[in-house]
Structures are given as C-alpha cells and as structure tokens.
Amino acid sequence: MTGVKTGMATLTLHRPALVELAFRQALLGDPDTMAYNHAWGGTIDFPGERWADWYARWVETPGTERFYRYLYAPEADAFVGEVAYHWDEELSEFLCDVIVPAACRGKGYGRRGLALLCDAARDNGITRLYDSIARDNPAVGLFLRSGFQVMRQTEQSFLVAKEL
C-alpha cells in the first residue's frame, strides 16, 4: 500500500483481493454514487460471475496499460473509493477514474485519491493522464483544483488532462 497524509488521516492505495470486489459491486450499483454517470447509463452491473475475468485483466496481470486500486482509510478501517487508469485506444492516451461513494464525499478522499493515482501513474512511467467528465459532474472542480486543465469541451463533457 502507498499512502499520503495531507492535513487529515492517511489514505492508502490497496490492491484488492478477488473476494473484495464486493466493494466495487456495491459502489457501481449504488444510484447515489453513480448519479454522476447518468449521461453514460448511471449504475453499472458487476455480477460475481464477471469478477474473475475482470480481476485477471485489471489486477493480476494489468501490464502497463491498466492500474486499479481501492482507496483505504485506516482511520475508518474502510474502503472509501477506487482509482484507476487505462490506455484508451480511441484517444491514444491514458484515461483515469476516481469514484468515491456518495456517503464518503466531502471528506477529501477524492482529492487525495487522485493525487495518489497521479503519483502511481508517474511511478509507472506515465507522463499524462486524461479524463472525460460530464459537464454537470461536480468532479470537474476536483480535477481542475488538482492541476488538470480543460483540453476540449462539448455540450456534454469536458476532456481534462494533467502532465505528471
């Protein structure tokens, strides 16, 4: 686990075990948490029968094209989100992802998790991260405050990027 402490308790990156994917299943299936994803369908079904294949690609053998970790808050003894990046063929860039459960928002987990993800990407030789964010998603502010810049915008979304 890698950790960062910024004015609050330490937040660490945790490589989940296969059985811990129940957290991801609950995260993706929660309508409040996934409300930001309404433009792309809202909640995401992640049934147990898909876990092993997904885990093999994203966690066991991700290569250099994928990175996935949970955000773990030792002070709460709980997972408080997930962070990831992956190579996007269409953009020919690395897209990142930060999801914090609705019940855990407003505590700095997203900001600290994004910083940990950027550090991990830099350590893995990645020089730039992107994300495509719906215009009405409050996470736009999180990314901009974290040093990302708007590269392109449409009526539906912002494409943001950060040099690492």
# chains A, B, ... in the order shown; residues from 1 in each chain; ligands from 1
>>> select_by_dssp(residues="stretch 41-119 of chain A", states="helix (DSSP H, G or I)", output="ChimeraX atom specification")
/A:48-60,102-104,109-119
>>> residues_around(residues="A:Gly29", least_positions_apart="2", cutoff="10 Å", atoms="only C-alpha atoms", output="number ranges by chain")
A: 23-27, 31-34, 42-47
>>> closest_residue(among="A:Lys162, A:Val100, A:Ala22, A:Ala139", to="A:Ile126", atoms="only C-alpha atoms")
A:Lys162
>>> select_by_dssp(residues="stretch 85-120 of chain A", states="strand (DSSP E)", output="PyMOL selection string")
chain A and resi 85-88+93-99
>>> closest_residue(among="A:Asp97, A:Thr10, A:Leu18, A:His86", to="A:Ala52", atoms="only C-alpha atoms")
A:Leu18
>>> residues_around(residues="A:Ile133", least_positions_apart="3", cutoff="9 Å", atoms="only C-alpha atoms", output="ChimeraX atom specification")
/A:36-37,136-137,139-140,156-160
>>> closest_residue(among="A:Val59, A:Leu28, A:Ala161, A:Leu142", to="A:Pro16", atoms="only C-alpha atoms")
A:Val59
>>> closest_residue(among="A:Cys118, A:Glu155, A:Glu20, A:Tyr55", to="A:Ala134", atoms="only C-alpha atoms")
A:Glu155
>>> closest_residue(among="A:Arg66, A:Leu11, A:Glu93, A:Trp87", to="A:Lys107", atoms="only C-alpha atoms")
A:Leu11
>>> atom_distance(atom1="atom CA of A:Ala102", atom2="atom CA of A:Ala17")
23.1 Å
>>> atom_distance(atom1="atom CA of A:Ser132", atom2="atom CA of A:Tyr85")
12.1 Å
>>> atom_distance(atom1="atom CA of A:Val150", atom2="atom CA of A:Pro101")
24.8 Å
>>> closest_residue(among="A:Phe94, A:Tyr109, A:Trp54, A:Tyr68", to="A:Tyr130", atoms="only C-alpha atoms")
A:Phe94
>>> residues_around(residues="A:Thr127", least_positions_apart="3", cutoff="7 Å", atoms="only C-alpha atoms", output="MDAnalysis selection string")
chainID A and resid 122 163:164
>>> residues_around(residues="A:Asp77", least_positions_apart="2", cutoff="12 Å", atoms="only C-alpha atoms", output="JSON list (two decimals) with all heavy atoms, in the first residue's frame")
[["chain", "number", "residue", "atom", "x", "y", "z"],
["A", 9, "ALA", "N", -6.15, 12.20, 8.13],
["A", 9, "ALA", "CA", -5.55, 10.88, 8.31],
["A", 9, "ALA", "C", -5.03, 10.34, 6.98],
["A", 9, "ALA", "O", -5.40, 10.79, 5.91],
["A", 9, "ALA", "CB", -6.58, 9.93, 8.91],
["A", 10, "THR", "N", -4.19, 9.34, 7.06],
["A", 10, "THR", "CA", -3.58, 8.74, 5.89],
["A", 10, "THR", "C", -4.61, 8.00, 5.04],
["A", 10, "THR", "O", -5.50, 7.33, 5.56],
["A", 10, "THR", "CB", -2.48, 7.75, 6.33],
["A", 10, "THR", "OG1", -1.52, 8.47, 7.09],
["A", 10, "THR", "CG2", -1.80, 7.12, 5.15],
["A", 11, "LEU", "N", -4.48, 8.13, 3.75],
["A", 11, "LEU", "CA", -5.26, 7.38, 2.78],
["A", 11, "LEU", "C", -4.27, 6.53, 2.01],
["A", 11, "LEU", "O", -3.21, 7.03, 1.62],
["A", 11, "LEU", "CB", -5.97, 8.35, 1.84],
["A", 11, "LEU", "CG", -6.99, 7.77, 0.85],
["A", 11, "LEU", "CD1", -8.19, 7.19, 1.60],
["A", 11, "LEU", "CD2", -7.45, 8.84, -0.11],
["A", 12, "THR", "N", -4.58, 5.27, 1.80],
["A", 12, "THR", "CA", -3.65, 4.38, 1.11],
["A", 12, "THR", "C", -4.30, 3.74, -0.11],
["A", 12, "THR", "O", -5.52, 3.62, -0.20],
["A", 12, "THR", "CB", -3.13, 3.26, 2.05],
["A", 12, "THR", "OG1", -4.24, 2.48, 2.49],
["A", 12, "THR", "CG2", -2.41, 3.83, 3.24],
["A", 71, "LEU", "N", -9.20, 2.83, -2.53],
["A", 71, "LEU", "CA", -8.75, 3.83, -1.56],
["A", 71, "LEU", "C", -9.15, 3.30, -0.19],
["A", 71, "LEU", "O", -10.32, 2.99, 0.04],
["A", 71, "LEU", "CB", -9.42, 5.18, -1.82],
["A", 71, "LEU", "CG", -9.12, 5.82, -3.17],
["A", 71, "LEU", "CD1", -9.96, 7.08, -3.36],
["A", 71, "LEU", "CD2", -7.64, 6.14, -3.29],
["A", 72, "TYR", "N", -8.17, 3.19, 0.69],
["A", 72, "TYR", "CA", -8.41, 2.66, 2.03],
["A", 72, "TYR", "C", -8.10, 3.74, 3.05],
["A", 72, "TYR", "O", -7.03, 4.36, 3.00],
["A", 72, "TYR", "CB", -7.54, 1.43, 2.28],
["A", 72, "TYR", "CG", -7.68, 0.88, 3.68],
["A", 72, "TYR", "CD1", -8.83, 0.21, 4.07],
["A", 72, "TYR", "CD2", -6.65, 1.06, 4.61],
["A", 72, "TYR", "CE1", -8.95, -0.29, 5.36],
["A", 72, "TYR", "CE2", -6.78, 0.56, 5.89],
["A", 72, "TYR", "CZ", -7.93, -0.11, 6.27],
["A", 72, "TYR", "OH", -8.05, -0.60, 7.55],
["A", 73, "ALA", "N", -9.05, 3.99, 3.96],
["A", 73, "ALA", "CA", -8.87, 4.97, 5.03],
["A", 73, "ALA", "C", -8.67, 4.21, 6.33],
["A", 73, "ALA", "O", -9.64, 3.69, 6.91],
["A", 73, "ALA", "CB", -10.08, 5.89, 5.13],
["A", 74, "PRO", "N", -7.42, 4.12, 6.81],
["A", 74, "PRO", "CA", -7.17, 3.37, 8.04],
["A", 74, "PRO", "C", -7.96, 3.88, 9.24],
["A", 74, "PRO", "O", -8.41, 3.09, 10.07],
["A", 74, "PRO", "CB", -5.66, 3.54, 8.26],
["A", 74, "PRO", "CG", -5.11, 3.86, 6.92],
["A", 74, "PRO", "CD", -6.18, 4.63, 6.21],
["A", 75, "GLU", "N", -8.15, 5.21, 9.32],
["A", 75, "GLU", "CA", -8.87, 5.75, 10.47],
["A", 75, "GLU", "C", -10.32, 5.28, 10.51],
["A", 75, "GLU", "O", -10.92, 5.16, 11.57],
["A", 75, "GLU", "CB", -8.81, 7.29, 10.50],
["A", 75, "GLU", "CG", -9.70, 7.99, 9.48],
["A", 75, "GLU", "CD", -9.14, 8.08, 8.06],
["A", 75, "GLU", "OE1", -8.06, 7.54, 7.78],
["A", 75, "GLU", "OE2", -9.81, 8.69, 7.22],
["A", 79, "PHE", "N", -12.84, 0.85, 2.98],
["A", 79, "PHE", "CA", -12.58, 1.32, 1.63],
["A", 79, "PHE", "C", -13.47, 2.54, 1.40],
["A", 79, "PHE", "O", -14.65, 2.54, 1.76],
["A", 79, "PHE", "CB", -12.89, 0.25, 0.59],
["A", 79, "PHE", "CG", -12.05, -1.00, 0.75],
["A", 79, "PHE", "CD1", -12.64, -2.25, 0.78],
["A", 79, "PHE", "CD2", -10.67, -0.91, 0.85],
["A", 79, "PHE", "CE1", -11.88, -3.40, 0.92],
["A", 79, "PHE", "CE2", -9.89, -2.06, 0.99],
["A", 79, "PHE", "CZ", -10.50, -3.30, 1.03],
["A", 80, "VAL", "N", -12.88, 3.59, 0.82],
["A", 80, "VAL", "CA", -13.62, 4.84, 0.61],
["A", 80, "VAL", "C", -13.59, 5.27, -0.86],
["A", 80, "VAL", "O", -13.82, 6.44, -1.17],
["A", 80, "VAL", "CB", -13.09, 5.96, 1.52],
["A", 80, "VAL", "CG1", -13.35, 5.62, 3.00],
["A", 80, "VAL", "CG2", -11.60, 6.21, 1.28]]
